[in-house]
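The data block below is start_39.txt; it holds compact mmCIF, C-alpha atoms.
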# COMPACT_ATOMS: atom_id res chain seq x y z
CA MET X 150 90.81 104.88 97.94
CA ALA X 151 89.26 101.92 99.73
CA ALA X 152 90.03 100.93 103.31
CA PRO X 153 92.87 98.41 103.62
CA LEU X 154 91.77 94.92 102.57
CA HIS X 155 93.16 92.00 104.56
CA VAL X 156 94.08 89.08 102.31
CA THR X 157 95.35 85.61 103.19
CA PHE X 158 97.03 83.45 100.55
CA SER X 159 96.64 79.88 101.77
CA ALA X 160 98.37 77.01 99.98
CA GLY X 161 97.24 73.41 100.35
CA SER X 162 94.82 71.04 98.66
CA THR X 163 91.94 73.48 98.14
CA GLY X 164 91.47 76.86 96.48
CA SER X 165 90.44 78.20 93.10
CA TRP X 166 93.99 78.56 91.76
CA ARG X 167 96.16 75.59 90.76
CA ILE X 168 99.88 76.00 91.46
CA GLU X 169 101.60 75.21 88.15
CA ARG X 170 105.11 75.79 89.43
CA MET X 171 106.83 77.50 92.32
CA GLY X 172 110.34 78.01 93.58
CA PRO X 173 112.81 80.36 95.25
CA VAL X 174 114.32 83.25 93.29
CA ILE X 175 116.47 84.62 96.14
CA GLY X 176 116.86 82.88 99.51
CA ASP X 177 114.61 80.18 100.91
CA GLY X 178 111.58 78.91 99.02
CA LEU X 179 108.24 77.74 100.41
CA PRO X 180 106.92 74.17 100.72
CA LEU X 181 105.28 72.82 97.57
CA ALA X 182 101.49 72.69 97.39
CA GLU X 183 98.82 71.96 94.76
CA ARG X 184 96.29 74.72 95.21
CA LEU X 185 96.06 78.27 96.47
CA ALA X 186 93.06 79.92 98.12
CA VAL X 187 92.84 83.74 98.15
CA ILE X 188 90.83 84.71 101.23
CA GLU X 189 89.66 88.30 101.64
CA HIS X 190 88.15 90.16 104.61
CA ARG X 191 89.55 87.80 107.25
CA ARG X 192 87.11 85.01 106.26
CA PRO X 193 87.99 81.60 107.73
CA GLU X 194 91.06 79.92 106.26
CA PRO X 195 90.94 76.33 104.95
CA CYS X 196 92.10 73.68 107.40
CA GLY X 197 95.37 71.90 106.78
CA ALA X 198 97.14 74.68 104.91
CA VAL X 199 100.73 73.91 103.91
CA TRP X 200 101.53 77.62 104.31
CA SER X 201 99.61 80.86 104.65
CA LEU X 202 100.84 84.36 103.90
CA ARG X 203 98.95 87.46 105.03
CA GLY X 204 98.97 91.06 103.88
CA THR X 205 96.82 94.14 103.49
CA THR X 206 96.32 96.53 100.64
CA SER X 207 97.25 100.10 101.49
CA HIS X 208 97.81 103.57 100.09
CA THR X 209 100.65 104.13 97.63
CA ARG X 210 104.04 104.82 99.20
CA TYR X 211 106.15 106.20 96.34
CA THR X 212 103.99 107.22 93.37
CA THR X 213 103.59 110.91 92.61
CA ARG X 214 100.32 112.40 91.36
CA PRO X 215 101.34 112.23 87.65
CA GLU X 216 102.45 108.61 88.08
CA THR X 217 99.24 107.75 89.92
CA GLY X 218 97.25 109.35 87.08
CA ALA X 219 99.15 107.37 84.43
CA LEU X 220 98.65 104.10 86.33
CA GLU X 221 94.94 104.72 86.94
CA ALA X 222 94.37 105.57 83.26
CA LYS X 223 95.82 102.24 82.08
CA GLN X 224 95.35 99.63 84.80
CA GLN X 225 92.49 97.17 85.09
CA GLY X 226 91.18 95.32 88.11
CA LEU X 227 91.45 91.71 89.20
CA GLY X 228 88.94 89.04 88.23
CA ARG X 229 88.82 89.58 84.45
CA ALA X 230 87.38 86.49 82.69
CA GLN X 231 90.32 86.21 80.27
CA ALA X 232 92.93 86.55 83.05
CA THR X 233 93.28 82.84 83.77
CA CYS X 234 96.97 83.05 84.71
CA ALA X 235 98.26 84.43 87.99
CA ALA X 236 101.47 84.86 89.93
CA LEU X 237 102.10 85.41 93.62
CA ILE X 238 105.52 86.90 94.39
CA PRO X 239 106.40 87.27 98.08
CA ILE X 240 109.41 89.50 98.69
CA ARG X 241 111.43 90.55 101.71
CA LYS X 242 113.83 93.48 101.51
CA SER X 243 116.93 93.91 103.64
CA GLU X 244 117.28 95.94 106.84
CA THR X 245 119.54 98.25 104.81
CA TRP X 246 116.56 99.13 102.60
CA TRP X 247 114.27 99.82 105.54
CA ALA X 248 116.89 102.01 107.21
CA LEU X 249 116.99 104.32 104.18
CA ALA X 250 115.08 107.60 104.31
CA GLN X 251 111.99 108.12 102.14
CA ASP X 252 113.84 110.20 99.52
CA GLU X 253 116.61 107.60 99.27
CA ARG X 254 114.15 104.73 98.80
CA ARG X 255 112.19 106.72 96.22
CA ALA X 256 115.38 107.55 94.27
CA ILE X 257 116.45 103.91 94.11
CA LEU X 258 112.97 102.62 93.31
CA GLU X 259 112.12 105.02 90.52
CA GLU X 260 114.85 107.42 89.41
CA GLN X 261 117.46 104.60 89.37
CA SER X 262 115.37 101.47 88.84
CA HIS X 263 112.26 102.76 86.99
CA HIS X 264 110.06 100.33 88.90
CA ILE X 265 106.86 102.32 88.33
CA ALA X 266 107.69 103.08 84.69
CA ILE X 267 108.50 99.43 83.90
CA GLY X 268 105.25 98.23 85.49
CA LEU X 269 103.32 100.82 83.50
CA GLU X 270 104.57 99.34 80.22
CA TYR X 271 102.82 96.06 80.94
CA LEU X 272 99.42 97.59 81.67
CA PRO X 273 96.61 96.84 81.09
CA GLY X 274 97.62 93.25 80.19
CA VAL X 275 98.98 92.50 83.65
CA SER X 276 96.73 93.41 86.61
CA ARG X 277 98.45 93.78 89.95
CA ARG X 278 97.55 94.11 93.62
CA LEU X 279 100.20 94.85 96.24
CA HIS X 280 99.78 93.61 99.82
CA HIS X 281 101.92 94.87 102.71
CA SER X 282 103.01 92.25 105.24
CA ARG X 283 105.92 93.74 107.15
CA GLU X 284 103.81 95.42 109.83
CA LEU X 285 101.81 92.21 110.33
CA GLY X 286 104.89 90.41 111.63
CA GLU X 287 105.03 88.17 108.57
CA ALA X 288 108.11 86.53 107.02
CA PHE X 289 107.81 88.65 103.86
CA ASP X 290 107.45 92.43 103.45
CA PHE X 291 105.25 92.36 100.35
CA LEU X 292 102.99 89.92 98.55
CA THR X 293 102.29 90.99 94.98
CA TRP X 294 99.48 89.26 93.12
CA PHE X 295 99.34 89.46 89.33
CA GLU X 296 96.60 88.30 86.92
CA PHE X 297 96.90 88.13 83.13
CA ALA X 298 95.65 86.26 80.08
CA PRO X 299 97.86 83.48 78.64
CA GLU X 300 98.94 85.74 75.75
CA HIS X 301 100.50 88.16 78.23
CA ALA X 302 102.56 85.51 80.05
CA ALA X 303 105.68 86.17 77.94
CA GLY X 304 105.42 89.89 78.63
CA PHE X 305 105.01 89.19 82.32
CA ASP X 306 108.17 87.05 82.30
CA GLU X 307 110.04 89.85 80.54
CA MET X 308 108.86 92.36 83.16
CA LEU X 309 110.19 90.14 85.97
CA VAL X 310 113.60 89.86 84.25
CA ARG X 311 113.81 93.64 83.88
CA LEU X 312 112.77 94.38 87.48
CA ARG X 313 115.17 91.78 88.88
CA ALA X 314 118.06 93.45 87.04
CA THR X 315 117.49 96.81 88.79
CA ALA X 316 119.42 98.48 91.61
CA GLU X 317 116.29 98.14 93.77
CA TRP X 318 116.51 94.35 93.57
CA GLY X 319 119.94 94.52 95.22
CA TYR X 320 117.93 95.11 98.41
CA VAL X 321 115.74 92.01 97.96
CA GLU X 322 116.97 89.29 100.29
CA ARG X 323 114.18 86.77 99.78
CA GLU X 324 111.88 86.24 96.80
CA VAL X 325 109.67 83.32 95.84
CA GLU X 326 107.79 82.97 92.56
CA ILE X 327 104.52 81.04 92.47
CA ARG X 328 102.78 80.65 89.10
CA LEU X 329 99.12 79.65 88.95
CA SER X 330 96.18 79.01 86.68
CA ARG X 331 92.52 79.39 87.53
CA VAL X 332 90.80 76.05 88.16
CA MET J 213 116.39 100.10 111.94
CA ALA J 214 114.76 97.47 114.09
CA ALA J 215 112.06 95.08 112.90
CA PRO J 216 108.52 96.39 113.43
CA LEU J 217 107.50 96.18 117.09
CA HIS J 218 103.90 95.24 117.83
CA VAL J 219 102.48 97.29 120.71
CA THR J 220 99.11 97.09 122.45
CA PHE J 221 97.85 99.99 124.55
CA SER J 222 95.33 98.47 126.93
CA ALA J 223 93.20 100.67 129.20
CA GLY J 224 91.52 99.34 132.32
CA SER J 225 92.33 98.91 135.99
CA THR J 226 95.94 97.74 135.60
CA GLY J 227 99.09 99.03 133.96
CA SER J 228 102.09 101.11 134.90
CA TRP J 229 100.63 104.42 133.65
CA ARG J 230 97.85 106.29 135.45
CA ILE J 231 95.41 108.12 133.16
CA GLU J 232 95.28 111.68 134.50
CA ARG J 233 92.81 112.95 131.93
CA MET J 234 91.50 111.94 128.53
CA GLY J 235 89.03 113.21 126.01
CA PRO J 236 88.18 113.71 122.34
CA VAL J 237 89.91 116.42 120.31
CA ILE J 238 88.11 115.71 117.02
CA GLY J 239 85.26 113.17 116.67
CA ASP J 240 84.38 110.44 119.14
CA GLY J 241 86.36 109.87 122.33
CA LEU J 242 87.16 106.61 124.07
CA PRO J 243 85.62 105.20 127.27
CA LEU J 244 87.24 106.47 130.45
CA ALA J 245 89.67 104.23 132.33
CA GLU J 246 92.09 104.51 135.26
CA ARG J 247 95.24 102.84 134.04
CA LEU J 248 97.05 102.05 130.83
CA ALA J 249 99.27 99.06 130.14
CA VAL J 250 101.77 99.23 127.27
CA ILE J 251 102.30 95.68 126.02
CA GLU J 252 105.11 94.96 123.58
CA HIS J 253 105.92 91.89 121.45
CA ARG J 254 102.35 90.51 121.48
CA ARG J 255 102.62 89.50 125.13
CA PRO J 256 99.27 88.59 126.74
CA GLU J 257 96.92 91.50 127.35
CA PRO J 258 95.31 92.11 130.76
CA CYS J 259 91.83 90.68 131.19
CA GLY J 260 88.90 93.06 131.37
CA ALA J 261 90.36 95.87 129.30
CA VAL J 262 88.01 98.84 128.77
CA TRP J 263 89.64 99.37 125.36
CA SER J 264 92.76 98.20 123.56
CA LEU J 265 94.51 99.87 120.65
CA ARG J 266 97.15 98.10 118.57
CA GLY J 267 99.89 99.33 116.28
CA THR J 268 103.37 98.56 115.02
CA THR J 269 106.45 100.68 114.69
CA SER J 270 107.71 100.92 111.13
CA HIS J 271 110.16 102.68 108.82
CA THR J 272 109.77 106.41 108.25
CA ARG J 273 107.34 107.39 105.51
CA TYR J 274 108.13 111.06 104.80
CA THR J 275 111.46 112.09 106.31
CA THR J 276 114.37 112.76 103.98
CA ARG J 277 117.95 111.81 104.85
CA PRO J 278 118.84 115.30 106.20
CA GLU J 279 115.68 115.35 108.32
CA THR J 280 116.37 111.83 109.58
CA GLY J 281 119.90 112.92 110.50
CA ALA J 282 118.63 115.98 112.39
CA LEU J 283 116.06 113.90 114.29
CA GLU J 284 118.55 111.17 115.16
CA ALA J 285 121.07 113.72 116.42
CA LYS J 286 118.58 115.23 118.89
CA GLN J 287 116.04 112.60 119.90
CA GLN J 288 116.21 110.37 122.95
CA GLY J 289 114.56 107.03 123.58
CA LEU J 290 111.64 106.02 125.76
CA GLY J 291 112.00 104.95 129.38
CA ARG J 292 114.11 107.85 130.73
CA ALA J 293 113.88 108.01 134.53
CA GLN J 294 112.90 111.71 134.54
CA ALA J 295 110.20 111.23 131.88
CA THR J 296 107.33 110.55 134.27
CA CYS J 297 104.68 112.16 132.04
CA ALA J 298 103.26 110.56 128.93
CA ALA J 299 100.60 111.11 126.31
CA LEU J 300 98.92 108.71 123.91
CA ILE J 301 97.33 110.39 120.90
CA PRO J 302 95.36 108.13 118.56
CA ILE J 303 94.55 109.75 115.22
CA ARG J 304 92.56 108.78 112.15
CA LYS J 305 92.96 110.70 108.91
CA SER J 306 90.30 111.03 106.23
CA GLU J 307 89.92 108.96 103.06
CA THR J 308 90.81 112.16 101.18
CA TRP J 309 94.24 112.09 102.82
CA TRP J 310 94.84 108.45 101.98
CA ALA J 311 93.80 108.99 98.36
CA LEU J 312 96.53 111.62 97.90
CA ALA J 313 99.74 110.62 96.14
CA GLN J 314 103.02 110.41 98.09
CA ASP J 315 104.31 113.79 96.84
CA GLU J 316 101.01 115.47 97.74
CA ARG J 317 101.00 114.04 101.28
CA ARG J 318 104.63 114.99 101.78
CA ALA J 319 103.99 118.57 100.57
CA ILE J 320 101.10 119.02 103.00
CA LEU J 321 102.88 117.35 105.91
CA GLU J 322 106.16 119.20 105.69
CA GLU J 323 106.41 121.98 103.11
CA GLN J 324 102.99 123.39 104.16
CA SER J 325 102.61 122.20 107.75
CA HIS J 326 106.22 121.80 108.97
CA HIS J 327 105.26 118.72 110.96
CA ILE J 328 108.80 117.33 111.10
CA ALA J 329 110.38 120.75 111.79
CA ILE J 330 107.91 121.53 114.61
CA GLY J 331 108.52 118.15 116.27
CA LEU J 332 112.29 118.71 116.01
CA GLU J 333 112.02 121.91 118.09
CA TYR J 334 110.77 119.95 121.10
CA LEU J 335 113.58 117.39 121.08
CA PRO J 336 115.16 116.01 123.18
CA GLY J 337 112.66 117.01 125.90
CA VAL J 338 109.80 115.10 124.31
CA SER J 339 110.48 111.50 123.27
CA ARG J 340 108.14 110.00 120.72
CA ARG J 341 107.28 106.65 119.20
CA LEU J 342 104.88 106.35 116.27
CA HIS J 343 102.77 103.21 115.79
CA HIS J 344 100.91 102.44 112.56
CA SER J 345 97.45 100.93 112.97
CA ARG J 346 95.67 101.40 109.66
CA GLU J 347 96.89 98.15 108.08
CA LEU J 348 95.96 96.22 111.22
CA GLY J 349 92.26 96.98 110.66
CA GLU J 350 92.13 99.24 113.72
CA ALA J 351 89.82 102.22 114.33
CA PHE J 352 92.75 104.67 114.25
CA ASP J 353 95.51 105.09 111.66
CA PHE J 354 98.26 106.13 114.10
CA LEU J 355 98.98 105.86 117.80
CA THR J 356 101.68 108.29 118.90
CA TRP J 357 103.23 107.80 122.31
CA PHE J 358 105.13 110.66 123.96
CA GLU J 359 107.23 110.71 127.15
CA PHE J 360 108.61 113.82 128.87
CA ALA J 361 109.61 115.21 132.24
CA PRO J 362 107.10 117.45 134.07
CA GLU J 363 109.10 120.57 133.14
CA HIS J 364 108.52 119.85 129.45
CA ALA J 365 104.73 119.51 129.78
CA ALA J 366 104.08 123.14 128.82
CA GLY J 367 106.28 122.79 125.75
CA PHE J 368 104.46 119.62 124.81
CA ASP J 369 101.10 121.42 125.09
CA GLU J 370 102.43 124.21 122.87
CA MET J 371 103.59 121.68 120.27
CA LEU J 372 100.11 120.14 120.13
CA VAL J 373 98.51 123.56 119.61
CA ARG J 374 100.92 124.36 116.77
CA LEU J 375 100.43 120.99 115.02
CA ARG J 376 96.65 121.15 115.33
CA ALA J 377 96.66 124.54 113.59
CA THR J 378 98.36 123.14 110.44
CA ALA J 379 96.90 122.33 107.02
CA GLU J 380 97.75 118.67 107.69
CA TRP J 381 95.31 118.61 110.63
CA GLY J 382 92.49 119.48 108.23
CA TYR J 383 92.72 115.81 107.21
CA VAL J 384 92.39 114.51 110.79
CA GLU J 385 88.87 113.23 111.31
CA ARG J 386 89.31 111.64 114.73
CA GLU J 387 91.76 112.47 117.50
CA VAL J 388 91.77 111.55 121.18
CA GLU J 389 94.22 112.87 123.78
CA ILE J 390 95.13 110.72 126.76
CA ARG J 391 97.51 112.18 129.36
CA LEU J 392 99.29 109.92 131.81
CA SER J 393 101.79 109.77 134.63
CA ARG J 394 103.99 106.87 135.58
CA VAL J 395 102.73 104.95 138.63
Let me see the structure of the file written as structure tokens.
Amino acid sequence: MAAPLHVTFSAGSTGSWRIERMGPVIGDGLPLAERLAVIEHRRPEPCGAVWSLRGTTSHTRYTTRPETGALEAKQQGLGRAQATCAALIPIRKSETWWALAQDERRAILEEQSHHIAIGLEYLPGVSRRLHHSRELGEAFDFLTWFEFAPEHAAGFDEMLVRLRATAEWGYVEREVEIRLSRV
Amino acid sequence: MAAPLHVTFSAGSTGSWRIERMGPVIGDGLPLAERLAVIEHRRPEPCGAVWSLRGTTSHTRYTTRPETGALEAKQQGLGRAQATCAALIPIRKSETWWALAQDERRAILEEQSHHIAIGLEYLPGVSRRLHHSRELGEAFDFLTWFEFAPEHAAGFDEMLVRLRATAEWGYVEREVEIRLSRV
């Protein structure tokens, strides 16, 4: 368990990821840009960013020990040579979601929506890192970053369709999808 | 459920709370100061602070719906005229704690340590606001702010003794206690 890592996703004309396509899924989108820079450890951000989103990694909030064990046994890290495709999906959930108690949120997320179980099916092809933004005063609550090889892109698309059809997604009030390829 | 509130606790020569006494409970303390300013909404901080600690309020992380209901039925807010005593207790938990899964942390916090149940016993005399600091890159994980009338000070002291004797407190690796009175 590492200390929280601060990450800034900065869109503009520089960065090692090319934005192939981007658009709103629910609610407002974000301004179009050509490139995305992923900046860790609060290093300086590029000048002239079109938009910047900030978040930090953190401890898990819902996964039980058996689920954590299953995830850790299958998942792989970021930065794999073959993982030339990426996606950044900023999400904001409603005030109704945040007013729920822990057991209510857990029940919707997993027992009803199988969020953890669905994600597990797409490991190790799709790597994932979740960043929390809500406590940073950002416009989104979460920024999820995914990396995968081109042959796993169809599976990734399928995973998004399944997650977006869940009861949990009824609490998502803003979602943007940004698809990228490594330059 | 309000949006997260950013709060800075700034110790120095100004502020509406006088520091009556302060010292380390576990691990390193903090430099002594005379006054504490509680600054909400990212308003400007006083110049020449001896130390500043930052955190944000957030959604609950462990309480179930019945527990949330019991807390909400008994608790009172900050700023009561008779609540002229306060305490700020910054805490950092160990990496071992943060590496535990959600169900493991919940079991230690409540089923083993009765953290929520103990706190409930001292409502409404003791008001409380929890601030999360870990994801802000701060030295502490939590800053808990308490307000109470002088006649509840003994009860507050008793509550601290009971909490510090729990299994959960075995995961606390730094704790400072700062006791204050309203100027």
For this session: Please measure the separation of CA of Glu244 (chain X) and CA of Ile265 (chain X), giving the value in Å to one decimal.
Result: 22.2 Å
Exercise. If you count all atoms listed in the file, which residues fall within 7 Å of Ala250 (chain X), apart from same-chain ones fewer than 5 positions away, as a ChimeraX atom specification?
Worked result: /J:272,275-277,280
For this session: Tell me the residues of chain J close to chain X, meaning within 12 Å using only C-alpha atoms, as a PyMOL selection string.
Result: chain J and resi 213-219+253-254+266-281+283-284+305-319+343-353
For this session: Find the residue from X:Glu324, X:Arg331, X:Ile240, X:Ala235 that sits nearest to Phe305 (chain X); use all atoms listed in the file when measuring.
Result: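 Of the candidates, the smallest distance to Phe305 (chain X) is held by X:Ala235.
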Problem set entry | Nearest-residue call for Arg192 (chain X), choices X:Ala222, X:Phe158, X:His263, X:Leu179, using all atoms listed in the file | X:Phe158
Exercise. Pick the closest to Ala361 (chain J) from J:Ala299, J:Val373, J:Val237, J:Ile251: which is it, counting only C-alpha atoms?
Worked result: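 Smallest separation from Ala361 (chain J) among the options: J:Ala299.
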For this session: Write out as a list in words each polymer residue whose atoms come within 8 Å of region 272-274 of chain X, counting only C-alpha atoms; drop sequence neighbours fewer than 2 positions from it.
Result: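 Here the answer would be Lys223, Gln224, Gln225, Gly268, Leu269, Glu270, Ser276, Phe297, Ala298 and His301 of chain X.
The spacing separating CA of Leu392 (chain J) from CA of Cys297 (chain J) amounts to 5.8 Å.
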For this session: Measure the distance from CA of Ala198 (chain X) to CA of Pro299 (chain X) in Å and round it to one decimal.
Result: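 Between these atoms lies a distance of 27.7 Å.
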Problem set entry | Which residue of J:Leu321, J:Ala282, J:Val250, J:Ala366 approaches Arg230 (chain J) most closely, using all atoms listed in the file |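 Nearest to Arg230 (chain J): J:Val250.
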For this session: Would you kindly return, as a PyMOL selection string, each protein, DNA or RNA residue with an atom no farther than 9 Å from any atom of Gly241 (chain J), considering all atoms listed in the file and excluding same-chain residues fewer than 2 positions away?
Result: chain J and resi 234-239+243-244+386-389
For this session: With all atoms listed in the file counted, which protein, DNA or RNA residues have an atom no more than 10 Å from (102.2, 118.7, 119.4) in the file frame? Please answer as a list in words.
Result: Ile301, His327, Ile330, Gly331, Tyr334, Val338, Phe358, Gly367, Phe368, Asp369, Glu370, Met371, Leu372, Val373, Arg374, Leu375, Arg376 and Ala377 of chain J
